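Trainee: I'm passing along upload.cif; it holds mmCIF, C-alpha atoms and all ligand atoms; chains and numbers go by the auth columns.
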data_entry
loop_
_atom_site.group_PDB
_atom_site.id
_atom_site.type_symbol
_atom_site.label_atom_id
_atom_site.label_comp_id
_atom_site.label_asym_id
_atom_site.label_seq_id
_atom_site.Cartn_x
_atom_site.Cartn_y
_atom_site.Cartn_z
_atom_site.B_iso_or_equiv
_atom_site.auth_seq_id
_atom_site.auth_asym_id
ATOM 1 C CA MET A 1 114.569 54.370 92.385 0.00 1 A
ATOM 2 C CA GLN A 2 114.450 57.148 89.749 0.00 2 A
ATOM 3 C CA GLU A 3 118.220 57.534 89.706 0.00 3 A
ATOM 4 C CA GLU A 4 118.413 60.100 86.915 0.00 4 A
ATOM 5 C CA MET A 5 115.991 62.377 88.696 0.00 5 A
ATOM 6 C CA LEU A 6 117.874 62.117 91.969 0.00 6 A
ATOM 7 C CA LYS A 7 121.177 62.835 90.195 0.00 7 A
ATOM 8 C CA GLY A 8 119.627 65.935 88.658 0.00 8 A
ATOM 9 C CA LEU A 9 118.313 67.191 91.975 0.00 9 A
ATOM 10 C CA LEU A 10 121.795 66.837 93.457 0.00 10 A
ATOM 11 C CA ALA A 11 123.569 68.443 90.492 0.00 11 A
ATOM 12 C CA ARG A 12 121.411 71.565 89.893 0.00 12 A
ATOM 13 C CA ARG A 13 123.108 74.811 90.861 0.00 13 A
ATOM 14 C CA SER A 14 122.365 78.494 90.377 0.00 14 A
ATOM 15 C CA ILE A 15 123.786 79.964 87.180 0.00 15 A
ATOM 16 C CA ARG A 16 124.754 83.630 87.234 0.00 16 A
ATOM 17 C CA LYS A 17 125.988 84.250 83.688 0.00 17 A
ATOM 18 C CA PHE A 18 123.893 83.565 80.575 0.00 18 A
ATOM 19 C CA ARG A 19 124.412 83.537 76.837 0.00 19 A
ATOM 20 C CA PRO A 20 122.258 86.157 75.088 0.00 20 A
ATOM 21 C CA GLU A 21 120.504 83.862 72.578 0.00 21 A
ATOM 22 C CA GLN A 22 116.926 82.849 73.312 0.00 22 A
ATOM 23 C CA ILE A 23 116.150 79.268 74.408 0.00 23 A
ATOM 24 C CA LYS A 24 114.157 76.943 72.158 0.00 24 A
ATOM 25 C CA GLU A 25 110.398 76.754 72.570 0.00 25 A
ATOM 26 C CA GLU A 26 110.509 73.029 73.442 0.00 26 A
ATOM 27 C CA GLU A 27 113.050 73.712 76.174 0.00 27 A
ATOM 28 C CA LEU A 28 110.852 76.466 77.594 0.00 28 A
ATOM 29 C CA GLN A 29 107.790 74.207 77.531 0.00 29 A
ATOM 30 C CA ALA A 30 109.683 71.426 79.351 0.00 30 A
ATOM 31 C CA VAL A 31 110.618 73.862 82.136 0.00 31 A
ATOM 32 C CA LEU A 32 107.046 75.186 82.366 0.00 32 A
ATOM 33 C CA GLN A 33 105.665 71.634 82.591 0.00 33 A
ATOM 34 C CA ALA A 34 107.973 71.003 85.539 0.00 34 A
ATOM 35 C CA GLY A 35 106.706 74.192 87.230 0.00 35 A
ATOM 36 C CA MET A 36 103.041 73.448 86.560 0.00 36 A
ATOM 37 C CA ASN A 37 103.401 69.960 88.051 0.00 37 A
ATOM 38 C CA ALA A 38 104.677 71.171 91.423 0.00 38 A
ATOM 39 C CA PRO A 39 102.812 70.064 94.525 0.00 39 A
ATOM 40 C CA ASN A 40 100.101 72.609 95.337 0.00 40 A
ATOM 41 C CA ALA A 41 97.842 73.105 98.341 0.00 41 A
ATOM 42 C CA LYS A 42 94.483 71.352 97.970 0.00 42 A
ATOM 43 C CA GLY A 43 95.264 70.796 94.290 0.00 43 A
ATOM 44 C CA ARG A 44 93.970 74.293 93.505 0.00 44 A
ATOM 45 C CA GLN A 45 96.843 75.315 91.185 0.00 45 A
ATOM 46 C CA ILE A 46 96.558 78.944 92.248 0.00 46 A
ATOM 47 C CA PRO A 47 99.953 80.265 91.045 0.00 47 A
ATOM 48 C CA ILE A 48 100.556 81.613 87.559 0.00 48 A
ATOM 49 C CA ILE A 49 103.860 81.682 85.696 0.00 49 A
ATOM 50 C CA VAL A 50 104.442 84.749 83.534 0.00 50 A
ATOM 51 C CA VAL A 51 106.980 84.068 80.778 0.00 51 A
ATOM 52 C CA VAL A 52 108.733 87.288 79.769 0.00 52 A
ATOM 53 C CA GLN A 53 110.757 87.045 76.547 0.00 53 A
ATOM 54 C CA LYS A 54 109.978 90.252 74.644 0.00 54 A
ATOM 55 C CA PRO A 55 113.333 92.075 74.913 0.00 55 A
ATOM 56 C CA GLU A 56 111.899 95.461 75.941 0.00 56 A
ATOM 57 C CA GLU A 57 109.730 93.820 78.628 0.00 57 A
ATOM 58 C CA VAL A 58 112.645 91.703 79.909 0.00 58 A
ATOM 59 C CA LYS A 59 114.544 94.993 80.234 0.00 59 A
ATOM 60 C CA ALA A 60 111.635 96.594 82.105 0.00 60 A
ATOM 61 C CA VAL A 61 111.428 93.626 84.527 0.00 61 A
ATOM 62 C CA LYS A 62 115.168 93.753 85.144 0.00 62 A
ATOM 63 C CA GLU A 63 115.078 97.502 85.794 0.00 63 A
ATOM 64 C CA LEU A 64 112.140 97.264 88.181 0.00 64 A
ATOM 65 C CA ASN A 65 113.726 94.376 90.110 0.00 65 A
ATOM 66 C CA ALA A 66 117.070 96.199 90.259 0.00 66 A
ATOM 67 C CA ARG A 67 115.389 99.178 91.877 0.00 67 A
ATOM 68 C CA PHE A 68 114.957 97.095 95.041 0.00 68 A
ATOM 69 C CA THR A 69 118.615 96.016 95.198 0.00 69 A
ATOM 70 C CA GLN A 70 121.713 97.728 96.598 0.00 70 A
ATOM 71 C CA ASN A 71 123.015 98.089 93.031 0.00 71 A
ATOM 72 C CA PRO A 72 120.235 99.484 90.806 0.00 72 A
ATOM 73 C CA GLY A 73 122.635 99.774 87.816 0.00 73 A
ATOM 74 C CA ALA A 74 123.306 96.024 87.637 0.00 74 A
ATOM 75 C CA ASP A 75 121.193 93.339 85.926 0.00 75 A
ATOM 76 C CA PRO A 76 119.791 91.150 88.713 0.00 76 A
ATOM 77 C CA TYR A 77 118.962 88.473 86.076 0.00 77 A
ATOM 78 C CA TYR A 78 122.576 88.146 84.900 0.00 78 A
ATOM 79 C CA GLY A 79 121.827 88.637 81.195 0.00 79 A
ATOM 80 C CA ALA A 80 119.205 85.873 80.985 0.00 80 A
ATOM 81 C CA PRO A 81 117.017 86.217 77.848 0.00 81 A
ATOM 82 C CA THR A 82 113.965 84.706 79.599 0.00 82 A
ATOM 83 C CA VAL A 83 112.495 85.701 82.961 0.00 83 A
ATOM 84 C CA LEU A 84 109.795 83.619 84.641 0.00 84 A
ATOM 85 C CA LEU A 85 107.678 85.400 87.230 0.00 85 A
ATOM 86 C CA VAL A 86 105.646 83.352 89.702 0.00 86 A
ATOM 87 C CA LEU A 87 102.602 85.168 91.023 0.00 87 A
ATOM 88 C CA VAL A 88 99.770 84.122 93.314 0.00 88 A
ATOM 89 C CA PRO A 89 96.441 85.744 94.112 0.00 89 A
ATOM 90 C CA ARG A 90 96.992 88.364 96.810 0.00 90 A
ATOM 91 C CA ASP A 91 95.706 87.436 100.295 0.00 91 A
ATOM 92 C CA GLU A 92 95.917 83.683 99.752 0.00 92 A
ATOM 93 C CA PRO A 93 97.493 82.363 102.968 0.00 93 A
ATOM 94 C CA LEU A 94 99.196 79.417 101.239 0.00 94 A
ATOM 95 C CA GLY A 95 100.079 81.372 98.089 0.00 95 A
ATOM 96 C CA PRO A 96 103.773 81.927 98.895 0.00 96 A
ATOM 97 C CA LEU A 97 104.227 78.240 99.711 0.00 97 A
ATOM 98 C CA ASP A 98 102.561 77.145 96.478 0.00 98 A
ATOM 99 C CA GLY A 99 104.632 79.691 94.572 0.00 99 A
ATOM 100 C CA ALA A 100 107.876 78.484 96.163 0.00 100 A
ATOM 101 C CA ALA A 101 107.076 74.911 95.131 0.00 101 A
ATOM 102 C CA VAL A 102 106.590 76.102 91.537 0.00 102 A
ATOM 103 C CA LEU A 103 109.878 78.023 91.612 0.00 103 A
ATOM 104 C CA THR A 104 111.752 74.983 92.902 0.00 104 A
ATOM 105 C CA ASN A 105 110.336 72.783 90.147 0.00 105 A
ATOM 106 C CA LEU A 106 111.140 75.416 87.499 0.00 106 A
ATOM 107 C CA CYS A 107 114.798 75.483 88.588 0.00 107 A
ATOM 108 C CA ASN A 108 115.080 71.694 88.699 0.00 108 A
ATOM 109 C CA GLY A 109 113.201 71.421 85.393 0.00 109 A
ATOM 110 C CA ALA A 110 115.638 73.892 83.834 0.00 110 A
ATOM 111 C CA TYR A 111 118.552 71.706 84.850 0.00 111 A
ATOM 112 C CA ALA A 112 116.830 68.619 83.468 0.00 112 A
ATOM 113 C CA ALA A 113 116.244 70.466 80.160 0.00 113 A
ATOM 114 C CA GLY A 114 119.952 71.360 79.912 0.00 114 A
ATOM 115 C CA LEU A 115 119.404 75.036 80.767 0.00 115 A
ATOM 116 C CA GLY A 116 120.808 77.357 83.403 0.00 116 A
ATOM 117 C CA SER A 117 118.598 78.984 86.002 0.00 117 A
ATOM 118 C CA CYS A 118 118.740 81.141 89.082 0.00 118 A
ATOM 119 C CA TRP A 119 115.919 81.912 91.518 0.00 119 A
ATOM 120 C CA ILE A 120 115.747 85.709 91.778 0.00 120 A
ATOM 121 C CA ASN A 121 114.139 87.477 94.695 0.00 121 A
ATOM 122 C CA ARG A 122 112.128 90.705 95.007 0.00 122 A
ATOM 123 C CA PRO A 123 109.001 90.054 92.900 0.00 123 A
ATOM 124 C CA GLN A 124 107.083 90.646 96.152 0.00 124 A
ATOM 125 C CA MET A 125 108.270 94.277 96.119 0.00 125 A
ATOM 126 C CA MET A 126 107.993 94.559 92.335 0.00 126 A
ATOM 127 C CA PHE A 127 104.304 93.657 92.257 0.00 127 A
ATOM 128 C CA ASP A 128 103.436 95.595 95.392 0.00 128 A
ATOM 129 C CA SER A 129 104.626 98.688 93.504 0.00 129 A
ATOM 130 C CA GLU A 130 102.436 100.773 91.229 0.00 130 A
ATOM 131 C CA GLU A 131 104.824 100.191 88.334 0.00 131 A
ATOM 132 C CA GLY A 132 104.606 96.418 88.767 0.00 132 A
ATOM 133 C CA LYS A 133 100.809 96.557 88.788 0.00 133 A
ATOM 134 C CA GLN A 134 100.876 98.665 85.610 0.00 134 A
ATOM 135 C CA MET A 135 103.219 96.139 84.029 0.00 135 A
ATOM 136 C CA LEU A 136 100.671 93.345 84.605 0.00 136 A
ATOM 137 C CA GLN A 137 97.929 95.530 83.133 0.00 137 A
ATOM 138 C CA ARG A 138 100.091 96.228 80.088 0.00 138 A
ATOM 139 C CA TRP A 139 100.532 92.475 79.614 0.00 139 A
ATOM 140 C CA GLY A 140 96.771 91.887 79.873 0.00 140 A
ATOM 141 C CA ILE A 141 96.988 90.000 83.183 0.00 141 A
ATOM 142 C CA GLN A 142 93.782 90.772 85.078 0.00 142 A
ATOM 143 C CA GLY A 143 93.344 90.447 88.838 0.00 143 A
ATOM 144 C CA ASP A 144 95.240 91.271 92.020 0.00 144 A
ATOM 145 C CA TRP A 145 98.481 89.289 91.976 0.00 145 A
ATOM 146 C CA ALA A 146 101.309 89.153 94.487 0.00 146 A
ATOM 147 C CA GLY A 147 104.847 88.260 93.433 0.00 147 A
ATOM 148 C CA VAL A 148 106.477 85.220 95.032 0.00 148 A
ATOM 149 C CA GLY A 149 109.726 84.898 93.125 0.00 149 A
ATOM 150 C CA SER A 150 111.262 84.720 89.691 0.00 150 A
ATOM 151 C CA VAL A 151 113.705 82.689 87.644 0.00 151 A
ATOM 152 C CA ALA A 152 116.476 83.826 85.313 0.00 152 A
ATOM 153 C CA LEU A 153 116.502 81.256 82.507 0.00 153 A
ATOM 154 C CA GLY A 154 118.808 80.674 79.564 0.00 154 A
ATOM 155 C CA TYR A 155 121.846 78.883 78.225 0.00 155 A
ATOM 156 C CA PRO A 156 124.622 79.006 80.806 0.00 156 A
ATOM 157 C CA ALA A 157 127.755 80.980 79.916 0.00 157 A
ATOM 158 C CA VAL A 158 129.684 79.434 82.825 0.00 158 A
ATOM 159 C CA ASP A 159 130.352 75.928 84.088 0.00 159 A
ATOM 160 C CA LEU A 160 128.083 74.539 86.759 0.00 160 A
ATOM 161 C CA PRO A 161 129.460 75.804 90.098 0.00 161 A
ATOM 162 C CA ALA A 162 130.404 73.328 92.798 0.00 162 A
ATOM 163 C CA ALA A 163 127.878 72.810 95.566 0.00 163 A
ATOM 164 C CA ALA A 164 128.653 74.205 98.986 0.00 164 A
ATOM 165 C CA PRO A 165 129.033 71.336 101.447 0.00 165 A
ATOM 166 C CA ARG A 166 125.747 70.551 103.173 0.00 166 A
ATOM 167 C CA LYS A 167 125.816 71.435 106.880 0.00 167 A
ATOM 168 C CA ALA A 168 126.418 68.412 109.084 0.00 168 A
ATOM 169 C CA ASP A 169 123.278 68.859 111.188 0.00 169 A
ATOM 170 C CA TYR A 170 120.881 69.562 108.282 0.00 170 A
ATOM 171 C CA CYS A 171 118.829 66.468 109.129 0.00 171 A
ATOM 172 C CA ARG A 172 117.673 65.666 112.645 0.00 172 A
ATOM 173 C CA TYR A 173 116.467 62.136 113.188 0.00 173 A
ATOM 174 C CA VAL A 174 113.737 60.996 115.493 0.00 174 A
ATOM 175 C CA ARG A 175 113.822 57.236 115.331 0.00 175 A
HETATM 176 C C1 LIG B . 114.127 82.550 98.207 0.00 201 A
HETATM 177 C C2 LIG B . 115.370 82.623 97.352 0.00 201 A
HETATM 178 C C3 LIG B . 115.782 83.837 96.875 0.00 201 A
HETATM 179 C C4 LIG B . 116.928 83.930 96.075 0.00 201 A
HETATM 180 N N1 LIG B . 117.278 85.136 95.544 0.00 201 A
HETATM 181 C C5 LIG B . 118.372 85.237 94.764 0.00 201 A
HETATM 182 C C6 LIG B . 118.704 86.472 94.146 0.00 201 A
HETATM 183 O O1 LIG B . 117.982 87.456 94.246 0.00 201 A
HETATM 184 N N2 LIG B . 119.831 86.522 93.403 0.00 201 A
HETATM 185 C C7 LIG B . 120.648 85.430 93.231 0.00 201 A
HETATM 186 O O2 LIG B . 121.665 85.561 92.559 0.00 201 A
HETATM 187 N N3 LIG B . 120.348 84.243 93.784 0.00 201 A
HETATM 188 C C8 LIG B . 119.232 84.110 94.536 0.00 201 A
HETATM 189 N N4 LIG B . 118.860 82.892 95.042 0.00 201 A
HETATM 190 C C9 LIG B . 119.712 81.705 94.786 0.00 201 A
HETATM 191 C C10 LIG B . 120.518 81.306 96.026 0.00 201 A
HETATM 192 O O3 LIG B . 121.494 82.274 96.289 0.00 201 A
HETATM 193 C C11 LIG B . 121.134 79.910 95.776 0.00 201 A
HETATM 194 O O4 LIG B . 120.106 78.972 95.553 0.00 201 A
HETATM 195 C C12 LIG B . 121.978 79.468 96.950 0.00 201 A
HETATM 196 O O5 LIG B . 123.118 80.292 97.098 0.00 201 A
HETATM 197 C C13 LIG B . 122.431 78.014 96.823 0.00 201 A
HETATM 198 O O6 LIG B . 123.143 77.817 95.614 0.00 201 A
HETATM 199 P P1 LIG B . 122.674 76.769 94.500 0.00 201 A
HETATM 200 O O7 LIG B . 121.337 77.208 94.008 0.00 201 A
HETATM 201 O O8 LIG B . 123.735 76.851 93.458 0.00 201 A
HETATM 202 O O9 LIG B . 122.618 75.423 95.160 0.00 201 A
HETATM 203 C C14 LIG B . 117.711 82.765 95.811 0.00 201 A
HETATM 204 C C15 LIG B . 117.261 81.527 96.275 0.00 201 A
HETATM 205 C C16 LIG B . 116.091 81.446 97.022 0.00 201 A
HETATM 206 C C17 LIG B . 115.588 80.082 97.465 0.00 201 A
#
Starting from the file, give its structure as structure tokens.
Ligand SMILES: Cc1cc2nc3c(=O)[nH]c(=O)nc-3n(C[C@H](O)[C@H](O)[C@H](O)COP(=O)(O)O)c2cc1C

Mentor:
Amino acid sequence: MQEEMLKGLLARRSIRKFRPEQIKEEELQAVLQAGMNAPNAKGRQIPIIVVVQKPEEVKAVKELNARFTQNPGADPYYGAPTVLLVLVPRDEPLGPLDGAAVLTNLCNGAYAAGLGSCWINRPQMMFDSEEGKQMLQRWGIQGDWAGVGSVALGYPAVDLPAAAPRKADYCRYVR
């Protein structure tokens, strides 16, 4: 059994406070490799991962995401210096499932690389909006992309939170 991997999967938790300094390139690449190696329907690798690190663009992403929250003044990425956006071609029936697999691997990969991460919602709304579409154009990303989810990524500024207990009837056995 791959014990280290299993330990990591059990230990990963969402981090909601980040240090401001940028992560190292090799750490970023390790996380991206984890994301790119997620299971994907028919092996088509249809998702893309957009790595946003330019400070003014990180700010723009945070502001657009925040617009769809109850608290548009707050940073929905908790001060993370890197934001990963997972997009899939619009109108691909399995796109959201492929994208979710990528997001899961990115978060687990971040833990394995010694980084903090948190899956952040609302890229669906962000990239359905005109401003989100303009953002992709500004970044030179051609095509019609739908948002699936995003990841706040950076060095954690808090200890790893404790896991909530797993519900007793999570698994149902037929055997
Ligand atoms: C689809 C999805 C959307 C999520 N959206 C957010 C979000 O917008 N903001 C946030 O702080 N956490 C978000 N999370 C993280 C969950 O709140 C977190 O995974 C959950 O509370 C369990 O905690 P853990 O990740 O520490 O095990 C999201 C997770 C998933 C899977």

Trainee: Residues picked by the PyMOL selection byres (((not hetatm)) within 9 of (chain A and resi 201)) here, as a PyMOL selection string?

Mentor: chain A and resi 10-16+69+76-78+100+103-104+107+117-122+148-151+160-164

Trainee: Region 145-147 of chain A: which residues within 12 Å, counting all atoms listed in the file, same-chain residues fewer than 5 positions away excluded, as an MDAnalysis selection string?

Mentor: chainID A and resid 46:50 65 84:93 95:100 103 120:129 132:137

Trainee: From the list A:Ala80, A:Val174, A:Ala113, A:Val31, which residue is nearest Ala157 (chain A) when using all atoms listed in the file?

Mentor: A:Ala80

Trainee: List, as a list in words, every residue that the PyMOL selection byres (((chain A and resi 20) around 6) and not hetatm) selects in the file provided.

Mentor: Arg19, Glu21 and Pro81 of chain A

Trainee: Do you have the CA of Val83 (chain A)-CA of Ala152 (chain A) distance handy?

Mentor: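 Calculated distance between CA of Val83 (chain A) and CA of Ala152 (chain A) is 5.0 Å.
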
Trainee: For region 14-25 of chain A, where the input has fewer atoms than it should, I would like all heavy atoms rebuilt and written as a PDB file, in the frame of the given file.

Mentor:
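Output below, filename selection_11.pdb:
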ATOM      1  N   SER A  14     122.734  77.186  90.933  1.00  0.00           N
ATOM      2  CA  SER A  14     122.365  78.494  90.377  1.00  0.00           C
ATOM      3  C   SER A  14     123.411  78.949  89.372  1.00  0.00           C
ATOM      4  O   SER A  14     124.613  78.874  89.642  1.00  0.00           O
ATOM      5  CB  SER A  14     122.278  79.533  91.502  1.00  0.00           C
ATOM      6  OG  SER A  14     121.241  79.203  92.388  1.00  0.00           O
ATOM      7  N   ILE A  15     122.915  79.432  88.240  1.00  0.00           N
ATOM      8  CA  ILE A  15     123.786  79.964  87.180  1.00  0.00           C
ATOM      9  C   ILE A  15     123.656  81.486  87.185  1.00  0.00           C
ATOM     10  O   ILE A  15     122.543  82.022  87.225  1.00  0.00           O
ATOM     11  CB  ILE A  15     123.372  79.368  85.814  1.00  0.00           C
ATOM     12  CG1 ILE A  15     123.678  77.867  85.770  1.00  0.00           C
ATOM     13  CG2 ILE A  15     124.033  80.106  84.649  1.00  0.00           C
ATOM     14  CD1 ILE A  15     125.158  77.491  85.839  1.00  0.00           C
ATOM     15  N   ARG A  16     124.782  82.167  87.146  1.00  0.00           N
ATOM     16  CA  ARG A  16     124.754  83.630  87.234  1.00  0.00           C
ATOM     17  C   ARG A  16     125.462  84.306  86.068  1.00  0.00           C
ATOM     18  O   ARG A  16     125.923  85.442  86.176  1.00  0.00           O
ATOM     19  CB  ARG A  16     125.322  84.088  88.582  1.00  0.00           C
ATOM     20  CG  ARG A  16     124.453  83.631  89.750  1.00  0.00           C
ATOM     21  CD  ARG A  16     124.807  84.300  91.059  1.00  0.00           C
ATOM     22  NE  ARG A  16     123.850  83.946  92.110  1.00  0.00           N
ATOM     23  CZ  ARG A  16     123.941  82.862  92.871  1.00  0.00           C
ATOM     24  NH1 ARG A  16     124.935  82.022  92.725  1.00  0.00           N
ATOM     25  NH2 ARG A  16     123.015  82.615  93.795  1.00  0.00           N
ATOM     26  N   LYS A  17     125.513  83.621  84.940  1.00  0.00           N
ATOM     27  CA  LYS A  17     125.988  84.250  83.688  1.00  0.00           C
ATOM     28  C   LYS A  17     125.360  83.479  82.533  1.00  0.00           C
ATOM     29  O   LYS A  17     125.492  82.246  82.468  1.00  0.00           O
ATOM     30  CB  LYS A  17     127.510  84.204  83.614  1.00  0.00           C
ATOM     31  CG  LYS A  17     128.062  85.089  82.530  1.00  0.00           C
ATOM     32  CD  LYS A  17     129.557  85.245  82.607  1.00  0.00           C
ATOM     33  CE  LYS A  17     130.025  86.182  81.498  1.00  0.00           C
ATOM     34  NZ  LYS A  17     131.449  86.103  81.299  1.00  0.00           N
ATOM     35  N   PHE A  18     124.660  84.210  81.651  1.00  0.00           N
ATOM     36  CA  PHE A  18     123.893  83.565  80.575  1.00  0.00           C
ATOM     37  C   PHE A  18     124.363  84.028  79.212  1.00  0.00           C
ATOM     38  O   PHE A  18     124.806  85.169  79.043  1.00  0.00           O
ATOM     39  CB  PHE A  18     122.403  83.894  80.735  1.00  0.00           C
ATOM     40  CG  PHE A  18     121.798  83.279  81.967  1.00  0.00           C
ATOM     41  CD1 PHE A  18     121.787  83.961  83.174  1.00  0.00           C
ATOM     42  CD2 PHE A  18     121.264  81.999  81.932  1.00  0.00           C
ATOM     43  CE1 PHE A  18     121.253  83.390  84.326  1.00  0.00           C
ATOM     44  CE2 PHE A  18     120.728  81.414  83.068  1.00  0.00           C
ATOM     45  CZ  PHE A  18     120.723  82.107  84.264  1.00  0.00           C
ATOM     46  N   ARG A  19     124.199  83.140  78.227  1.00  0.00           N
ATOM     47  CA  ARG A  19     124.412  83.537  76.837  1.00  0.00           C
ATOM     48  C   ARG A  19     123.188  84.333  76.382  1.00  0.00           C
ATOM     49  O   ARG A  19     122.082  84.096  76.852  1.00  0.00           O
ATOM     50  CB  ARG A  19     124.604  82.288  75.972  1.00  0.00           C
ATOM     51  CG  ARG A  19     125.978  81.679  76.232  1.00  0.00           C
ATOM     52  CD  ARG A  19     126.247  80.325  75.643  1.00  0.00           C
ATOM     53  NE  ARG A  19     125.473  79.937  74.493  1.00  0.00           N
ATOM     54  CZ  ARG A  19     125.256  78.656  74.162  1.00  0.00           C
ATOM     55  NH1 ARG A  19     125.738  77.679  74.917  1.00  0.00           N
ATOM     56  NH2 ARG A  19     124.566  78.341  73.091  1.00  0.00           N
ATOM     57  N   PRO A  20     123.376  85.283  75.443  1.00  0.00           N
ATOM     58  CA  PRO A  20     122.258  86.157  75.088  1.00  0.00           C
ATOM     59  C   PRO A  20     121.180  85.502  74.225  1.00  0.00           C
ATOM     60  O   PRO A  20     120.042  85.956  74.212  1.00  0.00           O
ATOM     61  CB  PRO A  20     122.921  87.310  74.327  1.00  0.00           C
ATOM     62  CG  PRO A  20     124.243  86.782  73.880  1.00  0.00           C
ATOM     63  CD  PRO A  20     124.648  85.699  74.836  1.00  0.00           C
ATOM     64  N   GLU A  21     121.516  84.400  73.497  1.00  0.00           N
ATOM     65  CA  GLU A  21     120.504  83.862  72.578  1.00  0.00           C
ATOM     66  C   GLU A  21     119.337  83.221  73.324  1.00  0.00           C
ATOM     67  O   GLU A  21     119.499  82.646  74.391  1.00  0.00           O
ATOM     68  CB  GLU A  21     121.109  82.897  71.549  1.00  0.00           C
ATOM     69  CG  GLU A  21     121.680  81.631  72.093  1.00  0.00           C
ATOM     70  CD  GLU A  21     123.196  81.711  72.352  1.00  0.00           C
ATOM     71  OE1 GLU A  21     123.696  82.803  72.707  1.00  0.00           O
ATOM     72  OE2 GLU A  21     123.863  80.681  72.205  1.00  0.00           O
ATOM     73  N   GLN A  22     118.158  83.344  72.678  1.00  0.00           N
ATOM     74  CA  GLN A  22     116.926  82.849  73.312  1.00  0.00           C
ATOM     75  C   GLN A  22     116.905  81.326  73.307  1.00  0.00           C
ATOM     76  O   GLN A  22     117.442  80.689  72.394  1.00  0.00           O
ATOM     77  CB  GLN A  22     115.709  83.419  72.572  1.00  0.00           C
ATOM     78  CG  GLN A  22     114.392  83.217  73.273  1.00  0.00           C
ATOM     79  CD  GLN A  22     114.423  83.696  74.729  1.00  0.00           C
ATOM     80  OE1 GLN A  22     114.812  82.950  75.623  1.00  0.00           O
ATOM     81  NE2 GLN A  22     114.020  84.943  74.954  1.00  0.00           N
ATOM     82  N   ILE A  23     116.282  80.736  74.332  1.00  0.00           N
ATOM     83  CA  ILE A  23     116.150  79.268  74.408  1.00  0.00           C
ATOM     84  C   ILE A  23     115.092  78.803  73.406  1.00  0.00           C
ATOM     85  O   ILE A  23     114.269  79.595  72.925  1.00  0.00           O
ATOM     86  CB  ILE A  23     115.775  78.820  75.837  1.00  0.00           C
ATOM     87  CG1 ILE A  23     114.459  79.461  76.296  1.00  0.00           C
ATOM     88  CG2 ILE A  23     116.908  79.151  76.800  1.00  0.00           C
ATOM     89  CD1 ILE A  23     113.934  78.921  77.618  1.00  0.00           C
ATOM     90  N   LYS A  24     115.131  77.501  73.107  1.00  0.00           N
ATOM     91  CA  LYS A  24     114.157  76.943  72.158  1.00  0.00           C
ATOM     92  C   LYS A  24     112.803  76.784  72.851  1.00  0.00           C
ATOM     93  O   LYS A  24     112.735  76.548  74.061  1.00  0.00           O
ATOM     94  CB  LYS A  24     114.627  75.574  71.669  1.00  0.00           C
ATOM     95  CG  LYS A  24     115.913  75.606  70.871  1.00  0.00           C
ATOM     96  CD  LYS A  24     116.177  74.222  70.283  1.00  0.00           C
ATOM     97  CE  LYS A  24     117.488  74.180  69.530  1.00  0.00           C
ATOM     98  NZ  LYS A  24     118.656  74.142  70.438  1.00  0.00           N
ATOM     99  N   GLU A  25     111.752  76.859  72.031  1.00  0.00           N
ATOM    100  CA  GLU A  25     110.398  76.754  72.570  1.00  0.00           C
ATOM    101  C   GLU A  25     110.188  75.427  73.312  1.00  0.00           C
ATOM    102  O   GLU A  25     109.575  75.402  74.385  1.00  0.00           O
ATOM    103  CB  GLU A  25     109.371  76.910  71.429  1.00  0.00           C
ATOM    104  CG  GLU A  25     107.919  76.936  71.884  1.00  0.00           C
ATOM    105  CD  GLU A  25     107.562  78.081  72.839  1.00  0.00           C
ATOM    106  OE1 GLU A  25     108.232  79.140  72.839  1.00  0.00           O
ATOM    107  OE2 GLU A  25     106.590  77.904  73.612  1.00  0.00           O
TER     108      GLU A  25
END
